[in-house]
Amino acid sequence: MDTPTSDEEVQGTSDAPSDGQKKDTPSTTRAPSIIVGTVAAVVVALSVFYLLRPEPLLVQGEVDATRLDIAARVDGRVKEIPVERGQNVPAGAVLCKDR
């Protein structure tokens, strides 16, 4: 068995770096793997969320009514109706104007 006989040999065979650099600790070597694992978990969670959520209900068709009841939120009289019967109107269009 080889055993060092002097203090110089003991210091020369130590595991610590001799040029003053700090040895990597386990927490600093784990940081990149923790970051990669977290990013991978977020990607998987978002993928599952977007793949499993229900699609919005889209209904397309035509409606025919013989009677239409319109109630105003305030009292007043109708001055003008700028749309014609059977005309297609976009959402938010003005259907009647008051005085």
# chains A, B, ... in the order shown; residues from 1 in each chain; ligands from 1
>>> residues_around(residues="Asp98 in chain A", least_positions_apart="2", cutoff="8 Å", atoms="only C-alpha atoms", output="list in words")
Gly76, Arg77, Val78, Lys79, Glu80 and Cys96 of chain A
>>> closest_residue(among="A:Phe49, A:Ile70, A:Asp64, A:Lys97", to="Pro82 in chain A", atoms="only C-alpha atoms")
A:Lys97
>>> select_by_dssp(residues="range 31-64 of chain A", states="alpha helix (DSSP H)", output="list in words")
Ala31, Pro32, Ser33, Ile34, Ile35, Val36, Gly37, Thr38, Val39, Ala40, Ala41, Val42, Val43, Val44, Ala45, Leu46, Ser47, Val48, Phe49, Tyr50, Leu51 and Leu52 of chain A
